[in-house]
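Below is one structure, written out as structure tokens; the observations come after it.
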Amino acid sequence: MATILIRHAELLVTMDDHRREIPDGGLFIRDGFIEKVGPTTEIPENADEVIDLRNHIILPGLINTHHHFYQTLTRAVPAAQNANLFNWLKTLYPIWARMKPEDIQISTQTALSELAMSGCTTAQDHLYIFPNGSRLDDEIMAAREVGVRLHASRGSMSLGESKGGLPPDSVVEEEEAILKDSQRLIEEYHDSTPGSFTQIVLAPCSPFSVTGDLMRNSAALAREYGVRLHTHLAETQDEESFCLAKFGHRPVEYMETLDWIGQDVWFAHSVHINQAEIEVYAKTGCGVAHCPSSNMRLASGIAPILRMLAAGVRVGLGVDGSASNDSSHMLAEARQALLLSRLGAAIEGASLSGTTAPPLMTARQALELATRGGAKVLGRNDIGSLEAGKCADFIAINLNRLDFAGSLHDPVAALVLCAPVQTDFTVVGGKFIVRDGRMQTIDVQNLVEAHNKAARRLINGG
Ligand SMILES: [Zn+2]
């Protein structure tokens, strides 16, 4: 049995039910799970490996609940830089249609390396375009080499332009083939046991790129196997207008008609939802992946996150695809969540002093979205906090650095309020993915070279 002892952390942030923050903290790990957490003086003194983390802050590994890894190949594309969602998509669909299986593999490793370096230990990915023989398997295999836990979502598009959808007909699939492949993937890869590294999610792309039939059939299939459901929802005003015109419903109401509401569903974005719709989420258990950078990049709007939390909605954080962020930095995303929420509060009148001013999101709330919140959204009780029995997924950051100078009276807040940094250690199931600030499982230099070559080919039309 392999044991690891982590000791003398300056501060260990548990994110447990009591939100304990333990000075001179430590962890005792056995076979990838936490056996003991507490002050260094109260945990075992020996282990197969002992690591002193003086000057470091330790947090639970961060959880990303919405991404499109493949979009790391199309960051900062000039024609898509200054566009809203629908125009951005129409510019990028033809470029994405040139992807091959090796592009999926390379971009998966790039996105996951970037995520790991920024503190992520569990990532969802939403792959909804499968050109030139690409499969979700390409992503799953590539992710295993990196070592971050993956919730791979079998996305889909079936409503092409000729049927009134947004994507060109060339990138949509037959619905029967989508459902057959979804079933194959669940049977082959889905693992729901504690400590699972691979889970499958069914994820028709959005109301404007799939039919209601595919949504209904995907939900039925997911529920037959007990896997979760995910889609983009209420992201933009354009989407709301589309749903009203085509289906006669606002997006959330449309989901209700499709049986796409419940504990096993989470939606990316939910920017344009009203109080009654927030109550529907809260009452039925729908989760939300909040993607503040993307919502700003595409000028989509401000999701009412504090109102969702106040109503009891499960909310996690997502960096979203790298063509609309254009980064996979989890700590940066937590910072954006706080800043955007405060801008929203200002618009609602927080600059008025007095008791009527809306509350402000705190740094700890932002980190909570990225840890406990993400675990709840993905339906996992084995990650998201540092407690006995949970996965040994944690990050450590050296506080003795220029970025944090002058903030050490509250290092937890410094992680969010100071400029986002990369981790010194990112550990998943007791395995060091990042150690002393360097990726351990991937040769980053070679990867970046291969990635840039693949991106050039896609953009140049090769
Ligand atoms: Zn997205």
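Residues are referred to by chain and number: the chain letter is A, B, ... according to the order shown in the structure tokens, the number counts from 1 in that chain, and ligands are numbered separately from 1 in the order shown.
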
Checklist entry - Which neighbours of Ile140 of chain A fall inside 12 Å, counting only C-alpha atoms, when residues of the same chain fewer than 3 positions from it are skipped, and could you give them as a VMD selection string? => result chain A and resid 69 101 104 to 109 112 123 to 127 134 to 137 143 to 154 185 188 to 190 197 to 200

Can you spit out the residues from that selection as a short mmCIF file (atom, residue, chain, number, x, y, z; two decimals), in the first residue's frame, using N, CA and C atoms?
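The resulting out26.cif:
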data_model
loop_
_atom_site.label_atom_id
_atom_site.label_comp_id
_atom_site.auth_asym_id
_atom_site.auth_seq_id
_atom_site.Cartn_x
_atom_site.Cartn_y
_atom_site.Cartn_z
N PHE A 69 -12.33 21.17 -25.26
CA PHE A 69 -10.87 21.10 -25.37
C PHE A 69 -10.39 21.45 -26.78
N PRO A 101 -8.75 12.92 -36.01
CA PRO A 101 -8.59 12.32 -34.67
C PRO A 101 -7.35 12.83 -33.92
N ILE A 104 -7.93 16.03 -32.08
CA ILE A 104 -8.67 15.85 -30.82
C ILE A 104 -7.69 15.42 -29.72
N GLN A 105 -6.79 14.51 -30.06
CA GLN A 105 -5.83 14.01 -29.06
C GLN A 105 -4.91 15.13 -28.57
N ILE A 106 -4.34 15.86 -29.51
CA ILE A 106 -3.38 16.92 -29.16
C ILE A 106 -4.07 18.00 -28.33
N SER A 107 -5.25 18.44 -28.77
CA SER A 107 -5.92 19.54 -28.07
C SER A 107 -6.39 19.11 -26.68
N THR A 108 -6.76 17.84 -26.53
CA THR A 108 -7.14 17.33 -25.21
C THR A 108 -5.96 17.46 -24.24
N GLN A 109 -4.79 17.07 -24.70
CA GLN A 109 -3.61 17.11 -23.81
C GLN A 109 -3.19 18.55 -23.52
N LEU A 112 -5.86 19.96 -21.01
CA LEU A 112 -5.75 19.34 -19.68
C LEU A 112 -4.44 19.72 -18.99
N ALA A 123 -11.99 17.41 -14.86
CA ALA A 123 -12.48 18.29 -15.91
C ALA A 123 -13.59 17.61 -16.69
N GLN A 124 -14.60 18.40 -17.00
CA GLN A 124 -15.62 17.96 -17.95
C GLN A 124 -15.18 18.45 -19.31
N ASP A 125 -15.51 17.70 -20.36
CA ASP A 125 -15.35 18.24 -21.71
C ASP A 125 -16.59 17.94 -22.53
N HIS A 126 -16.97 18.90 -23.35
CA HIS A 126 -18.18 18.77 -24.18
C HIS A 126 -17.72 18.78 -25.63
N LEU A 127 -17.59 17.57 -26.20
CA LEU A 127 -17.16 17.43 -27.61
C LEU A 127 -18.41 17.13 -28.43
N SER A 134 -13.23 11.32 -36.29
CA SER A 134 -12.92 11.59 -34.88
C SER A 134 -13.95 10.91 -33.99
N ARG A 135 -13.50 10.49 -32.81
CA ARG A 135 -14.42 9.87 -31.84
C ARG A 135 -14.10 10.38 -30.44
N LEU A 136 -15.07 10.23 -29.54
CA LEU A 136 -14.82 10.63 -28.15
C LEU A 136 -13.69 9.79 -27.55
N ASP A 137 -13.51 8.59 -28.08
CA ASP A 137 -12.43 7.71 -27.61
C ASP A 137 -11.06 8.40 -27.74
N ALA A 143 -6.59 11.81 -22.60
CA ALA A 143 -6.72 12.32 -21.23
C ALA A 143 -6.06 11.38 -20.23
N ARG A 144 -6.13 10.10 -20.49
CA ARG A 144 -5.56 9.13 -19.54
C ARG A 144 -4.06 9.33 -19.39
N GLU A 145 -3.41 9.78 -20.46
CA GLU A 145 -1.96 10.02 -20.36
C GLU A 145 -1.66 11.23 -19.47
N VAL A 146 -2.58 12.18 -19.43
CA VAL A 146 -2.35 13.37 -18.59
C VAL A 146 -2.60 13.04 -17.12
N GLY A 147 -3.69 12.31 -16.83
CA GLY A 147 -3.94 11.89 -15.45
C GLY A 147 -4.95 12.71 -14.69
N VAL A 148 -5.64 13.63 -15.36
CA VAL A 148 -6.72 14.40 -14.73
C VAL A 148 -8.02 13.61 -14.90
N ARG A 149 -8.90 13.63 -13.89
CA ARG A 149 -10.18 12.92 -14.02
C ARG A 149 -11.02 13.58 -15.11
N LEU A 150 -11.71 12.77 -15.90
CA LEU A 150 -12.43 13.31 -17.06
C LEU A 150 -13.90 12.90 -17.04
N HIS A 151 -14.78 13.90 -17.20
CA HIS A 151 -16.19 13.63 -17.49
C HIS A 151 -16.38 13.97 -18.96
N ALA A 152 -16.25 12.95 -19.80
CA ALA A 152 -16.27 13.14 -21.25
C ALA A 152 -17.71 13.17 -21.73
N SER A 153 -18.12 14.28 -22.32
CA SER A 153 -19.50 14.40 -22.74
C SER A 153 -19.62 14.11 -24.23
N ARG A 154 -20.49 13.12 -24.55
CA ARG A 154 -20.74 12.79 -25.95
C ARG A 154 -21.74 13.84 -26.44
N LEU A 185 -20.39 4.21 -25.96
CA LEU A 185 -19.43 4.89 -25.08
C LEU A 185 -19.74 4.64 -23.61
N GLU A 188 -18.75 1.14 -22.75
CA GLU A 188 -17.31 0.90 -22.80
C GLU A 188 -16.54 1.64 -21.71
N TYR A 189 -16.95 2.86 -21.36
CA TYR A 189 -16.08 3.69 -20.53
C TYR A 189 -16.65 4.16 -19.21
N HIS A 190 -17.98 4.22 -19.06
CA HIS A 190 -18.52 4.91 -17.87
C HIS A 190 -18.22 4.14 -16.59
N PHE A 197 -12.02 7.75 -12.80
CA PHE A 197 -11.26 8.65 -13.67
C PHE A 197 -12.01 8.97 -14.96
N THR A 198 -12.99 8.14 -15.33
CA THR A 198 -13.69 8.39 -16.59
C THR A 198 -15.20 8.22 -16.40
N GLN A 199 -15.94 9.28 -16.69
CA GLN A 199 -17.39 9.16 -16.72
C GLN A 199 -17.89 9.69 -18.05
N ILE A 200 -18.99 9.13 -18.52
CA ILE A 200 -19.59 9.58 -19.77
C ILE A 200 -20.85 10.39 -19.45
#

Item to check | helix (DSSP H, G or I) residues, from DSSP on the backbone, in segment 170-357 of chain A, as a ChimeraX atom specification | outcome: /A:170-171,175-189,212-225,237-247,251-257,275-284,292-297,305-311,330-348

Item to check | Contacts with ligand 1 at most 6 Å, only C-alpha atoms and all ligand atoms counted, listed as a list in words | outcome: His67, Asp320 and Gly321 of chain A

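Nearest-residue note for Leu244 of chain A: choosing from A:Phe267, A:Tyr70, A:Tyr225, A:Phe208, the minimum distance belongs to A:Phe208, counting only C-alpha atoms.
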